[in-house]
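Source file: entry16.cif (mmCIF, C-alpha atoms and all ligand atoms)
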```
data_coords
loop_
_atom_site.label_atom_id
_atom_site.label_comp_id
_atom_site.auth_asym_id
_atom_site.auth_seq_id
_atom_site.Cartn_x
_atom_site.Cartn_y
_atom_site.Cartn_z
CA MET A 18 -102.51 92.78 180.35
CA ALA A 19 -104.22 91.54 183.48
CA VAL A 20 -106.28 88.64 184.72
CA LEU A 21 -109.61 89.42 186.34
CA VAL A 22 -110.11 87.15 189.36
CA ALA A 23 -113.80 87.26 190.22
CA GLY A 24 -114.16 86.25 193.86
CA GLY A 25 -110.41 86.65 194.32
CA ALA A 26 -110.63 87.38 198.05
CA GLY A 27 -112.25 84.02 198.80
CA TYR A 28 -110.57 80.80 199.83
CA ILE A 29 -109.68 79.31 196.45
CA GLY A 30 -109.66 82.69 194.67
CA SER A 31 -107.03 84.19 196.96
CA HIS A 32 -104.69 81.20 196.68
CA THR A 33 -105.11 81.31 192.91
CA ALA A 34 -104.41 85.05 192.84
CA VAL A 35 -101.08 84.34 194.59
CA ALA A 36 -100.20 81.64 192.06
CA LEU A 37 -101.13 83.93 189.16
CA GLY A 38 -99.02 86.77 190.58
CA GLU A 39 -96.09 84.41 191.11
CA ALA A 40 -96.47 83.31 187.49
CA GLY A 41 -95.94 86.92 186.41
CA ARG A 42 -99.49 88.06 185.77
CA ASP A 43 -101.03 91.35 186.92
CA VAL A 44 -104.17 90.58 188.89
CA VAL A 45 -107.44 92.48 189.26
CA ILE A 46 -109.49 91.06 192.12
CA VAL A 47 -113.23 91.75 192.05
CA ASP A 48 -115.08 90.78 195.21
CA ASN A 49 -118.06 91.97 197.26
CA PHE A 50 -116.65 90.58 200.55
CA VAL A 51 -119.88 88.78 201.39
CA ASN A 52 -117.91 85.67 202.36
CA SER A 53 -114.34 86.96 202.25
CA SER A 54 -111.97 89.50 203.76
CA ARG A 55 -109.90 92.47 202.61
CA ARG A 56 -107.08 90.99 204.65
CA ALA A 57 -106.89 88.12 202.21
CA VAL A 58 -106.17 90.66 199.47
CA ASP A 59 -103.42 92.21 201.63
CA ALA A 60 -101.91 88.73 202.04
CA VAL A 61 -102.13 88.08 198.28
CA ARG A 62 -100.17 91.30 197.64
CA VAL A 63 -97.44 90.35 200.11
CA LEU A 64 -97.13 86.71 199.04
CA SER A 65 -97.28 87.22 195.27
CA GLY A 66 -95.20 90.38 195.05
CA ALA A 67 -97.38 91.20 192.05
CA GLU A 68 -99.45 94.16 190.96
CA VAL A 69 -102.87 93.41 192.53
CA ALA A 70 -105.74 95.83 191.94
CA LEU A 71 -108.92 95.50 194.00
CA VAL A 72 -112.43 96.44 192.91
CA GLU A 73 -115.12 96.05 195.56
CA THR A 74 -118.35 95.38 193.75
CA ASP A 75 -121.09 92.84 193.25
CA LEU A 76 -120.61 90.85 190.07
CA CYS A 77 -124.38 90.71 189.64
CA ASP A 78 -124.22 94.45 188.90
CA GLY A 79 -123.69 94.40 185.12
CA ASP A 80 -122.81 98.11 184.89
CA ALA A 81 -120.14 97.71 187.55
CA VAL A 82 -118.66 94.71 185.72
CA ARG A 83 -118.53 96.69 182.47
CA ARG A 84 -116.68 99.48 184.31
CA VAL A 85 -114.05 96.98 185.49
CA PHE A 86 -113.36 96.05 181.87
CA ALA A 87 -113.28 99.73 180.87
CA GLN A 88 -110.81 100.65 183.61
CA HIS A 89 -108.41 97.68 183.53
CA PRO A 90 -106.57 95.99 180.65
CA ILE A 91 -108.28 92.62 181.19
CA THR A 92 -107.18 89.84 178.82
CA GLU A 93 -108.36 86.76 180.73
CA VAL A 94 -110.82 85.86 183.47
CA VAL A 95 -110.96 83.34 186.32
CA HIS A 96 -114.43 83.16 187.84
CA PHE A 97 -114.85 81.93 191.42
CA ALA A 98 -117.49 84.27 192.81
CA ALA A 99 -120.47 82.20 193.95
CA HIS A 100 -122.52 81.08 196.92
CA LYS A 101 -121.35 77.58 197.81
CA ALA A 102 -123.17 76.07 200.80
CA VAL A 103 -125.12 73.01 199.71
CA ALA A 104 -127.63 72.95 202.61
CA GLU A 105 -128.23 76.71 202.43
CA SER A 106 -128.98 76.39 198.72
CA VAL A 107 -131.81 73.96 199.46
CA GLY A 108 -133.48 76.58 201.68
CA GLU A 109 -132.66 79.57 199.48
CA PRO A 110 -132.78 78.30 195.91
CA LEU A 111 -133.66 81.64 194.30
CA ALA A 112 -130.78 83.42 196.01
CA TYR A 113 -128.43 80.76 194.65
CA TYR A 114 -129.76 80.80 191.10
CA ARG A 115 -129.84 84.62 191.05
CA ASN A 116 -126.34 85.12 192.43
CA ASN A 117 -124.47 82.27 190.77
CA LEU A 118 -126.04 82.65 187.33
CA ASP A 119 -126.34 86.47 187.14
CA SER A 120 -122.66 86.93 187.95
CA LEU A 121 -121.67 84.45 185.24
CA LEU A 122 -123.98 85.97 182.61
CA GLY A 123 -122.73 89.50 183.30
CA LEU A 124 -119.11 88.41 183.10
CA LEU A 125 -119.65 86.54 179.82
CA GLU A 126 -121.42 89.57 178.28
CA ALA A 127 -118.66 91.92 179.38
CA MET A 128 -116.00 89.54 178.06
CA LEU A 129 -117.67 89.33 174.63
CA ASP A 130 -118.18 93.11 174.49
CA ASN A 131 -114.48 93.63 175.21
CA GLY A 132 -113.03 90.90 173.03
CA VAL A 133 -111.79 88.89 176.01
CA HIS A 134 -112.12 85.18 175.22
CA ARG A 135 -110.15 83.20 177.79
CA LEU A 136 -112.17 81.96 180.78
CA VAL A 137 -111.40 79.55 183.60
CA HIS A 138 -114.56 78.75 185.54
CA SER A 139 -115.06 77.14 188.97
CA SER A 140 -117.14 74.03 188.74
CA SER A 141 -117.47 71.14 191.17
CA CYS A 142 -117.53 67.38 191.34
CA THR A 143 -121.05 67.90 192.67
CA VAL A 144 -122.14 67.87 188.98
CA TYR A 145 -121.69 64.07 189.04
CA GLY A 146 -124.32 63.52 191.75
CA GLN A 147 -124.06 59.87 192.83
CA PRO A 148 -121.30 58.54 190.57
CA GLU A 149 -121.91 55.13 188.98
CA ALA A 150 -118.23 54.23 188.50
CA LEU A 151 -114.96 55.27 190.14
CA PRO A 152 -112.70 57.01 189.51
CA VAL A 153 -115.25 59.40 188.00
CA SER A 154 -114.25 60.70 184.58
CA GLU A 155 -115.42 63.85 182.84
CA SER A 156 -117.63 61.82 180.49
CA ALA A 157 -119.64 60.29 183.36
CA PRO A 158 -123.39 61.06 183.52
CA LEU A 159 -124.19 64.41 185.13
CA GLY A 160 -126.94 65.18 187.63
CA ALA A 161 -126.49 67.54 190.54
CA GLU A 162 -128.69 67.03 193.59
CA SER A 163 -128.94 70.50 195.15
CA PRO A 164 -129.74 73.99 193.83
CA TYR A 165 -126.06 74.85 194.42
CA GLY A 166 -124.98 71.88 192.34
CA ARG A 167 -127.47 72.76 189.64
CA THR A 168 -126.04 76.30 189.41
CA LYS A 169 -122.68 74.65 188.67
CA LEU A 170 -124.20 72.34 186.08
CA MET A 171 -126.13 75.20 184.44
CA GLY A 172 -123.01 77.35 184.49
CA GLU A 173 -121.12 74.69 182.53
CA GLN A 174 -124.00 74.42 180.04
CA ILE A 175 -124.22 78.19 179.55
CA ILE A 176 -120.47 78.48 178.95
CA THR A 177 -120.48 75.53 176.54
CA ASP A 178 -123.36 77.06 174.54
CA VAL A 179 -121.61 80.43 174.32
CA CYS A 180 -118.27 78.91 173.32
CA ALA A 181 -120.00 77.01 170.49
CA VAL A 182 -121.08 80.18 168.69
CA ARG A 183 -118.96 83.08 169.93
CA PRO A 184 -115.23 83.80 170.22
CA MET A 185 -114.94 82.37 173.73
CA ASP A 186 -112.79 79.53 175.06
CA ALA A 187 -113.18 78.04 178.50
CA MET A 188 -111.79 75.53 180.96
CA MET A 189 -114.39 74.50 183.52
CA LEU A 190 -112.51 73.02 186.44
CA ARG A 191 -114.45 70.47 188.47
CA TYR A 192 -112.95 70.75 191.93
CA PHE A 193 -113.04 67.81 194.27
CA ASN A 194 -112.58 68.71 197.98
CA PRO A 195 -110.18 71.64 198.45
CA VAL A 196 -108.46 71.81 201.84
CA GLY A 197 -105.20 73.10 203.29
CA ALA A 198 -103.78 76.60 203.21
CA HIS A 199 -100.82 78.58 201.92
CA PRO A 200 -97.69 77.19 203.66
CA SER A 201 -96.84 80.69 204.97
CA GLY A 202 -99.82 80.44 207.32
CA THR A 203 -101.06 83.90 206.25
CA LEU A 204 -103.75 82.82 203.78
CA GLY A 205 -106.39 80.19 204.46
CA GLU A 206 -110.03 79.24 204.74
CA ASP A 207 -112.14 81.59 206.86
CA PRO A 208 -115.71 80.31 206.96
CA ASN A 209 -118.51 82.67 208.02
CA ASP A 210 -120.32 81.43 211.14
CA VAL A 211 -120.33 77.65 211.54
CA PRO A 212 -118.19 75.77 209.00
CA ASN A 213 -120.01 73.33 206.69
CA ASN A 214 -117.05 71.24 205.63
CA LEU A 215 -115.13 68.49 207.35
CA VAL A 216 -111.60 69.89 207.58
CA PRO A 217 -112.44 73.29 209.13
CA LEU A 218 -114.56 71.40 211.69
CA VAL A 219 -111.73 68.94 212.42
CA MET A 220 -109.37 71.88 212.96
CA GLU A 221 -111.83 73.57 215.35
CA VAL A 222 -111.84 70.39 217.43
CA ALA A 223 -108.03 70.21 217.25
CA CYS A 224 -107.65 73.72 218.63
CA GLY A 225 -110.26 73.24 221.36
CA ARG A 226 -113.01 75.50 220.00
CA ARG A 227 -115.30 72.51 219.52
CA GLU A 228 -115.46 69.45 221.79
CA THR A 229 -116.11 66.62 219.35
CA LEU A 230 -116.42 65.99 215.68
CA GLN A 231 -119.53 64.35 214.29
CA VAL A 232 -118.81 61.62 211.75
CA PHE A 233 -121.81 61.37 209.43
CA GLY A 234 -122.22 57.62 209.03
CA ASP A 235 -119.93 54.62 209.42
CA ASP A 236 -121.99 52.11 207.44
CA TYR A 237 -121.19 53.14 203.87
CA ASP A 238 -119.72 50.64 201.45
CA THR A 239 -116.20 52.07 201.86
CA VAL A 240 -112.85 51.04 203.30
CA ASP A 241 -113.97 51.69 206.91
CA GLY A 242 -117.63 52.63 206.52
CA SER A 243 -117.10 56.41 206.59
CA GLY A 244 -117.49 58.64 203.53
CA VAL A 245 -114.61 58.85 201.06
CA ARG A 246 -113.59 62.03 199.20
CA ASP A 247 -110.74 63.22 196.99
CA TYR A 248 -109.17 65.98 199.11
CA ILE A 249 -106.89 68.33 197.19
CA HIS A 250 -104.44 70.90 198.57
CA VAL A 251 -105.68 74.39 197.74
CA VAL A 252 -102.22 75.38 196.43
CA ASP A 253 -102.27 72.44 193.98
CA LEU A 254 -105.74 73.58 192.95
CA ALA A 255 -104.49 77.16 192.51
CA GLU A 256 -101.68 75.92 190.27
CA ALA A 257 -104.22 74.07 188.10
CA HIS A 258 -105.81 77.44 187.27
CA VAL A 259 -102.48 78.85 186.10
CA ALA A 260 -101.97 75.77 183.93
CA ALA A 261 -105.48 76.14 182.49
CA LEU A 262 -104.93 79.80 181.60
CA ASP A 263 -101.60 78.90 179.99
CA VAL A 264 -103.28 76.26 177.83
CA LEU A 265 -105.93 78.78 176.76
CA ALA A 266 -103.22 81.36 176.01
CA GLY A 267 -101.47 78.68 173.96
CA GLY A 268 -104.43 78.56 171.60
CA TYR A 269 -106.87 76.01 173.02
CA ARG A 270 -110.26 76.45 171.36
CA GLY A 271 -113.66 75.51 172.74
CA ALA A 272 -115.05 74.62 176.14
CA VAL A 273 -113.94 71.67 178.23
CA ALA A 274 -114.64 70.38 181.73
CA VAL A 275 -111.62 69.02 183.60
CA ASN A 276 -111.49 67.20 186.94
CA VAL A 277 -109.12 68.71 189.46
CA GLY A 278 -108.39 66.13 192.15
CA THR A 279 -105.57 63.88 193.26
CA GLY A 280 -107.14 60.64 192.06
CA ALA A 281 -106.99 59.17 195.58
CA GLY A 282 -109.81 58.75 198.07
CA THR A 283 -109.49 59.38 201.82
CA SER A 284 -112.16 58.34 204.32
CA VAL A 285 -113.37 60.57 207.14
CA LEU A 286 -111.68 58.28 209.67
CA GLU A 287 -108.41 58.28 207.69
CA LEU A 288 -108.56 62.06 207.52
CA ILE A 289 -109.03 62.29 211.29
CA GLU A 290 -105.90 60.14 211.71
CA ALA A 291 -103.96 62.45 209.38
CA ALA A 292 -105.20 65.47 211.34
CA ARG A 293 -104.08 63.82 214.58
CA ARG A 294 -100.60 63.33 213.10
CA ALA A 295 -100.42 66.96 211.98
CA THR A 296 -101.85 68.57 215.10
CA GLY A 297 -100.87 66.22 217.93
CA ALA A 298 -104.44 66.67 219.22
CA ALA A 299 -106.75 63.81 220.19
CA ILE A 300 -109.70 64.92 218.00
CA PRO A 301 -112.52 63.00 219.69
CA PHE A 302 -115.45 62.09 217.46
CA GLU A 303 -118.87 60.49 217.64
CA VAL A 304 -120.54 58.57 214.87
CA CYS A 305 -123.93 60.03 213.89
CA GLU A 306 -126.60 59.46 211.26
CA ARG A 307 -125.65 59.84 207.62
CA ARG A 308 -126.03 63.42 206.35
CA ALA A 309 -128.84 63.80 203.81
CA GLY A 310 -127.58 64.13 200.25
CA ASP A 311 -124.05 62.79 200.90
CA VAL A 312 -122.53 60.37 198.41
CA ALA A 313 -120.67 57.36 199.86
CA LYS A 314 -117.49 57.82 197.85
CA ILE A 315 -116.06 59.83 195.02
CA TRP A 316 -112.61 60.44 193.62
CA ALA A 317 -111.35 61.83 190.35
CA ALA A 318 -110.01 60.36 187.17
CA THR A 319 -107.02 62.62 186.58
CA ASP A 320 -105.81 61.67 183.08
CA LEU A 321 -107.46 64.62 181.33
CA ALA A 322 -105.89 67.13 183.73
CA ALA A 323 -102.50 65.48 183.22
CA GLY A 324 -102.80 65.27 179.43
CA LEU A 325 -104.48 68.59 178.67
CA LEU A 326 -103.15 70.84 181.44
CA GLY A 327 -99.86 69.07 182.09
CA TRP A 328 -100.84 69.35 185.74
CA GLN A 329 -101.07 66.91 188.60
CA ALA A 330 -101.37 67.32 192.35
CA THR A 331 -98.09 67.07 194.25
CA ARG A 332 -99.21 67.50 197.89
CA ASN A 333 -100.54 64.61 199.98
CA ILE A 334 -103.04 64.44 202.83
CA ASP A 335 -100.31 65.03 205.45
CA ASP A 336 -99.25 68.23 203.64
CA MET A 337 -102.89 69.32 203.52
CA MET A 338 -103.45 68.79 207.24
CA ALA A 339 -100.11 70.36 208.24
CA ASP A 340 -100.75 73.52 206.21
CA HIS A 341 -104.39 73.81 207.27
CA TRP A 342 -103.31 73.46 210.89
CA HIS A 343 -100.53 76.04 210.51
CA TRP A 344 -103.13 78.56 209.30
CA GLN A 345 -105.76 77.60 211.88
CA ARG A 346 -103.32 77.72 214.80
CA HIS A 347 -102.19 81.23 213.92
CA HIS A 348 -105.63 82.46 212.90
CA PRO A 349 -108.22 80.75 215.12
CA ASP A 350 -110.65 83.54 214.24
CA GLY A 351 -109.66 83.62 210.59
CA TYR A 352 -108.81 87.09 209.28
CA ARG A 353 -110.49 88.71 212.29
CA ARG A 354 -107.29 88.10 214.26
N1 LIG B 401 -118.44 64.99 207.26
C1 LIG B 401 -118.53 64.48 208.54
N2 LIG B 401 -118.75 65.33 209.55
C2 LIG B 401 -118.87 66.69 209.38
C3 LIG B 401 -118.76 67.20 208.06
C4 LIG B 401 -118.54 66.32 207.03
O1 LIG B 401 -118.46 63.26 208.75
O2 LIG B 401 -119.08 67.41 210.35
C5 LIG B 401 -118.16 64.07 206.15
C6 LIG B 401 -119.20 64.07 205.06
O3 LIG B 401 -120.25 63.20 205.37
C7 LIG B 401 -118.37 63.64 203.86
C8 LIG B 401 -116.99 64.23 204.15
O4 LIG B 401 -116.96 64.49 205.54
O5 LIG B 401 -118.25 62.24 203.83
C9 LIG B 401 -116.72 65.53 203.42
O6 LIG B 401 -117.76 66.44 203.69
P1 LIG B 401 -117.63 68.00 203.30
O7 LIG B 401 -118.86 68.69 203.79
O8 LIG B 401 -116.33 68.54 203.75
O9 LIG B 401 -117.56 67.96 201.73
P2 LIG B 401 -118.63 67.38 200.67
O10 LIG B 401 -117.91 66.33 199.92
O11 LIG B 401 -119.92 67.05 201.25
O12 LIG B 401 -118.88 68.71 199.85
C10 LIG B 401 -117.99 69.08 198.84
C11 LIG B 401 -118.04 70.60 198.60
C12 LIG B 401 -119.36 71.00 198.03
C13 LIG B 401 -119.71 70.14 196.87
C14 LIG B 401 -119.67 68.68 197.26
C15 LIG B 401 -119.93 67.76 196.11
O13 LIG B 401 -117.82 71.29 199.81
O14 LIG B 401 -119.25 72.34 197.60
O15 LIG B 401 -118.37 68.37 197.72
O16 LIG B 401 -120.21 66.47 196.55
F1 LIG B 401 -120.94 70.44 196.42
#
```

For the file at hand, write its structure as structure tokens.
Amino acid sequence: MAVLVAGGAGYIGSHTAVALGEAGRDVVIVDNFVNSSRRAVDAVRVLSGAEVALVETDLCDGDAVRRVFAQHPITEVVHFAAHKAVAESVGEPLAYYRNNLDSLLGLLEAMLDNGVHRLVHSSSCTVYGQPEALPVSESAPLGAESPYGRTKLMGEQIITDVCAVRPMDAMMLRYFNPVGAHPSGTLGEDPNDVPNNLVPLVMEVACGRRETLQVFGDDYDTVDGSGVRDYIHVVDLAEAHVAALDVLAGGYRGAVAVNVGTGAGTSVLELIEAARRATGAAIPFEVCERRAGDVAKIWAATDLAAGLLGWQATRNIDDMMADHWHWQRHHPDGYRR
């Protein structure tokens, strides 16, 4: 009995693989290492102490996916593997639709062919677009605003349609903003090229690789004018996946989307203050134009996660910054050093 972790060498996938191993599951990581490192898999093995098999392949290759199911005793699947850069998806929509949807379709077909019916799928709060009311609940209107976001929305729709007519049960976890790193400092986020997200950029400024941070707008209708997000520690997020698989193993039937956030919003300026506390660095910043496509504020309603998964986040913004900094300080070049 093993759990297939598709994209298990990536940032969230690797932390989840550790949590699954710690929870006593055998793990089969499938990854093509396009945006991830073999060293993350080494770290997962050390940290989890579990049996961790690795298959290097592209999940868009249906034959290769079928071989994984033939060669390993897979009983459940967690699917992370996807392209995830919002701006890149606007320029390369076909690459995003092809990669993010093909990998999901191939996995679902292989699961049905092999009688595997428990799926936890990575979704995103991006499916809410500009939320009308906060905190945003799972029943809020949906409408993603980038090709990336639409692959997440379509993924949820595909899974829901399949679960309605086939023996397949799924938890689609809508992540808010994952940050932080494993407290050991040996597993963390390792962006290719220039980071897209706020916290990796803040950490690059803290360690002197970047002179200043750009704050995208200070005239939003928020506590201090800067954008507000629901940042969640990646280890809390990893634990939500274990809880979701346990609920599926306990007999949950159907497909459901569940927010995974803390329920609290933090502004960009508040996050910079937290990063200053954690790092002791000055973190200079300049206020710039708003970034196209950004929402002013979003944070999660967390009652469904608490009620259905019995899960809630336990780590606060100071924990997130301290752990992210611990990783960044020891691995300024990610897994390359
Ligand atoms: N920000 C800055 N300066 C930067 C980078 C970001 O001020 O250099 C601000 C943004 O404007 C935003 C906040 O920091 O207010 C967070 O931005 P991120 O890029 O870290 O995260 P987003 O909320 O934009 O993106 C996240 C995920 C996406 C997902 C999206 C849904 O990374 O995958 O949420 O809204 F699609």

### Query
Taking only C-alpha atoms and all ligand atoms into account, which residues are within 6 Å of ligand LIG 401 (chain B), as a ChimeraX atom specification?
/A:101,103,142-143,166,194,213-215,231-233,244-245,285,308,311

Selected residues written out, C-alpha atoms, as a compact mmCIF listing (two decimals), keeping the file's coordinate frame:
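Contents of selection_37.txt, freshly written:
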```
# COMPACT_ATOMS: atom_id res chain seq x y z
CA LYS A 101 -121.35 77.58 197.81
CA VAL A 103 -125.12 73.01 199.71
CA CYS A 142 -117.53 67.38 191.34
CA THR A 143 -121.05 67.90 192.67
CA GLY A 166 -124.98 71.88 192.34
CA ASN A 194 -112.58 68.71 197.98
CA ASN A 213 -120.01 73.33 206.69
CA ASN A 214 -117.05 71.24 205.63
CA LEU A 215 -115.13 68.49 207.35
CA GLN A 231 -119.53 64.35 214.29
CA VAL A 232 -118.81 61.62 211.75
CA PHE A 233 -121.81 61.37 209.43
CA GLY A 244 -117.49 58.64 203.53
CA VAL A 245 -114.61 58.85 201.06
CA VAL A 285 -113.37 60.57 207.14
CA ARG A 308 -126.03 63.42 206.35
CA ASP A 311 -124.05 62.79 200.90
```

### Message
Between atom CA of A:Ala298 and atom CA of A:His347, what is the distance in Å, rounded to a tenth?
### Response
15.7 Å

Mind dumping a table of every stretch 294-327 of chain A residue within 10 Å of stretch 255-264 of chain A, with the nearest atom pair and its distance in Å to one decimal, using all atoms listed in the file, sorted by chain and rising number, as a Markdown table?
```
| residue | atom | partner | partner_atom | distance |
| --- | --- | --- | --- | --- |
| A:Ala322 | CA | A:Ala257 | CA | 8.4 |
| A:Leu325 | CA | A:Val264 | CA | 7.8 |
| A:Leu326 | CA | A:Ala260 | CA | 5.6 |
| A:Gly327 | CA | A:Ala260 | CA | 7.3 |
```

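Ranking A:His341, A:Thr168, A:Val304, A:Val85 by their shortest atom-to-atom distance to A:Ala102, with all atoms listed in the file included, puts A:Thr168 first.
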
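Taking only C-alpha atoms into account, A:Leu125 lies nearest to A:Pro184 out of the set A:Pro184, A:Gly27, A:Gly197, A:Gly242.
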
### Message
Which residue is closest to A:Cys77? Choose from A:Val51, A:Leu288, A:Ile300, A:Leu118 and count only C-alpha atoms.
### Response
A:Leu118

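Considering only C-alpha atoms, the residue among A:Phe193, A:Glu173, A:Leu151, A:Gly205 positioned nearest to A:His343 is A:Gly205.
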
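The list of residues with at least one atom within 12 Å of A:Gly225, based on all atoms listed in the file and without residues fewer than 2 positions apart in the same chain, reads Leu218, Val219, Met220, Glu221, Val222, Ala223, Arg227, Glu228, Thr229, Leu230, Thr296, Ala298, Ala299, Ile300, Pro301, Gln345, Arg346 and Pro349 of chain A.
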
## Note on the structure
If you count all atoms listed in the file, the residue of A:Ala274, A:Ala26, A:Val82, A:Leu170 closest to A:Arg56 turns out to be A:Ala26

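For the residues A:Val273, A:Val196, A:Asp350, A:Gly108, ranking by smallest atom-to-atom distance to A:Val211 using only C-alpha atoms places A:Asp350 first.
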
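The space between atom CA of A:Asp48 and atom CA of A:Gly24 spans 4.8 Å.
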
Ref. answer, residues at most 10 Å from (-104.1, 89.6, 188.2) with only C-alpha atoms, as a PDB file with C-alpha atoms, in the frame of the given file:
```pdb
ATOM      1  CA  MET A  18    -102.510  92.780 180.350  1.00  0.00           C
ATOM      2  CA  ALA A  19    -104.220  91.540 183.480  1.00  0.00           C
ATOM      3  CA  VAL A  20    -106.280  88.640 184.720  1.00  0.00           C
ATOM      4  CA  LEU A  21    -109.610  89.420 186.340  1.00  0.00           C
ATOM      5  CA  VAL A  22    -110.110  87.150 189.360  1.00  0.00           C
ATOM      6  CA  GLY A  25    -110.410  86.650 194.320  1.00  0.00           C
ATOM      7  CA  THR A  33    -105.110  81.310 192.910  1.00  0.00           C
ATOM      8  CA  ALA A  34    -104.410  85.050 192.840  1.00  0.00           C
ATOM      9  CA  VAL A  35    -101.080  84.340 194.590  1.00  0.00           C
ATOM     10  CA  ALA A  36    -100.200  81.640 192.060  1.00  0.00           C
ATOM     11  CA  LEU A  37    -101.130  83.930 189.160  1.00  0.00           C
ATOM     12  CA  GLY A  38     -99.020  86.770 190.580  1.00  0.00           C
ATOM     13  CA  GLU A  39     -96.090  84.410 191.110  1.00  0.00           C
ATOM     14  CA  ALA A  40     -96.470  83.310 187.490  1.00  0.00           C
ATOM     15  CA  GLY A  41     -95.940  86.920 186.410  1.00  0.00           C
ATOM     16  CA  ARG A  42     -99.490  88.060 185.770  1.00  0.00           C
ATOM     17  CA  ASP A  43    -101.030  91.350 186.920  1.00  0.00           C
ATOM     18  CA  VAL A  44    -104.170  90.580 188.890  1.00  0.00           C
ATOM     19  CA  VAL A  45    -107.440  92.480 189.260  1.00  0.00           C
ATOM     20  CA  ILE A  46    -109.490  91.060 192.120  1.00  0.00           C
ATOM     21  CA  ALA A  67     -97.380  91.200 192.050  1.00  0.00           C
ATOM     22  CA  GLU A  68     -99.450  94.160 190.960  1.00  0.00           C
ATOM     23  CA  VAL A  69    -102.870  93.410 192.530  1.00  0.00           C
ATOM     24  CA  ALA A  70    -105.740  95.830 191.940  1.00  0.00           C
ATOM     25  CA  LEU A  71    -108.920  95.500 194.000  1.00  0.00           C
ATOM     26  CA  ILE A  91    -108.280  92.620 181.190  1.00  0.00           C
ATOM     27  CA  THR A  92    -107.180  89.840 178.820  1.00  0.00           C
ATOM     28  CA  GLU A  93    -108.360  86.760 180.730  1.00  0.00           C
ATOM     29  CA  VAL A  94    -110.820  85.860 183.470  1.00  0.00           C
ATOM     30  CA  VAL A  95    -110.960  83.340 186.320  1.00  0.00           C
TER      31      VAL A  95
END
```

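Reported to one decimal place, the separation of atom CA of A:Asn209 from atom CA of A:Ala309 is 21.9 Å.
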
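Excluding A:Cys180 itself and same-chain residues fewer than 3 positions from it, the residues having an atom within 10 Å of it are His134, Gln174, Ile175, Ile176, Thr177, Arg183, Pro184, Met185, Asp186, Ala187, Arg270, Gly271, Ala272 and Val273 of chain A, counting all atoms listed in the file.
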
Can stretch 291-303 of chain A be brought up to N, CA and C atoms and written out as a PDB file, keeping the file's coordinate frame?
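Dumped to selection.pdb:
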```pdb
ATOM      1  N   ALA A 291    -104.950  61.527 209.955  1.00  0.00           N
ATOM      2  CA  ALA A 291    -103.960  62.450 209.380  1.00  0.00           C
ATOM      3  C   ALA A 291    -103.945  63.767 210.164  1.00  0.00           C
ATOM      4  N   ALA A 292    -105.124  64.226 210.569  1.00  0.00           N
ATOM      5  CA  ALA A 292    -105.200  65.470 211.340  1.00  0.00           C
ATOM      6  C   ALA A 292    -104.564  65.278 212.725  1.00  0.00           C
ATOM      7  N   ARG A 293    -104.732  64.086 213.294  1.00  0.00           N
ATOM      8  CA  ARG A 293    -104.080  63.820 214.580  1.00  0.00           C
ATOM      9  C   ARG A 293    -102.563  63.875 214.428  1.00  0.00           C
ATOM     10  N   ARG A 294    -102.060  63.299 213.343  1.00  0.00           N
ATOM     11  CA  ARG A 294    -100.600  63.330 213.100  1.00  0.00           C
ATOM     12  C   ARG A 294    -100.119  64.768 212.968  1.00  0.00           C
ATOM     13  N   ALA A 295    -100.868  65.590 212.257  1.00  0.00           N
ATOM     14  CA  ALA A 295    -100.420  66.960 211.980  1.00  0.00           C
ATOM     15  C   ALA A 295    -100.532  67.860 213.204  1.00  0.00           C
ATOM     16  N   THR A 296    -101.567  67.628 214.020  1.00  0.00           N
ATOM     17  CA  THR A 296    -101.850  68.570 215.100  1.00  0.00           C
ATOM     18  C   THR A 296    -101.356  68.086 216.462  1.00  0.00           C
ATOM     19  N   GLY A 297    -101.196  66.772 216.614  1.00  0.00           N
ATOM     20  CA  GLY A 297    -100.870  66.220 217.930  1.00  0.00           C
ATOM     21  C   GLY A 297    -102.067  66.226 218.869  1.00  0.00           C
ATOM     22  N   ALA A 298    -103.237  66.617 218.379  1.00  0.00           N
ATOM     23  CA  ALA A 298    -104.440  66.670 219.220  1.00  0.00           C
ATOM     24  C   ALA A 298    -105.214  65.349 219.121  1.00  0.00           C
ATOM     25  N   ALA A 299    -106.041  65.095 220.136  1.00  0.00           N
ATOM     26  CA  ALA A 299    -106.750  63.810 220.190  1.00  0.00           C
ATOM     27  C   ALA A 299    -107.887  63.729 219.163  1.00  0.00           C
ATOM     28  N   ILE A 300    -108.558  64.826 218.922  1.00  0.00           N
ATOM     29  CA  ILE A 300    -109.700  64.920 218.000  1.00  0.00           C
ATOM     30  C   ILE A 300    -110.754  63.833 218.276  1.00  0.00           C
ATOM     31  N   PRO A 301    -111.440  63.953 219.412  1.00  0.00           N
ATOM     32  CA  PRO A 301    -112.520  63.000 219.690  1.00  0.00           C
ATOM     33  C   PRO A 301    -113.656  63.149 218.687  1.00  0.00           C
ATOM     34  N   PHE A 302    -114.311  62.014 218.396  1.00  0.00           N
ATOM     35  CA  PHE A 302    -115.450  62.090 217.460  1.00  0.00           C
ATOM     36  C   PHE A 302    -116.539  61.134 217.896  1.00  0.00           C
ATOM     37  N   GLU A 303    -117.754  61.406 217.426  1.00  0.00           N
ATOM     38  CA  GLU A 303    -118.870  60.490 217.640  1.00  0.00           C
ATOM     39  C   GLU A 303    -119.505  60.190 216.287  1.00  0.00           C
TER      40      GLU A 303
END
```
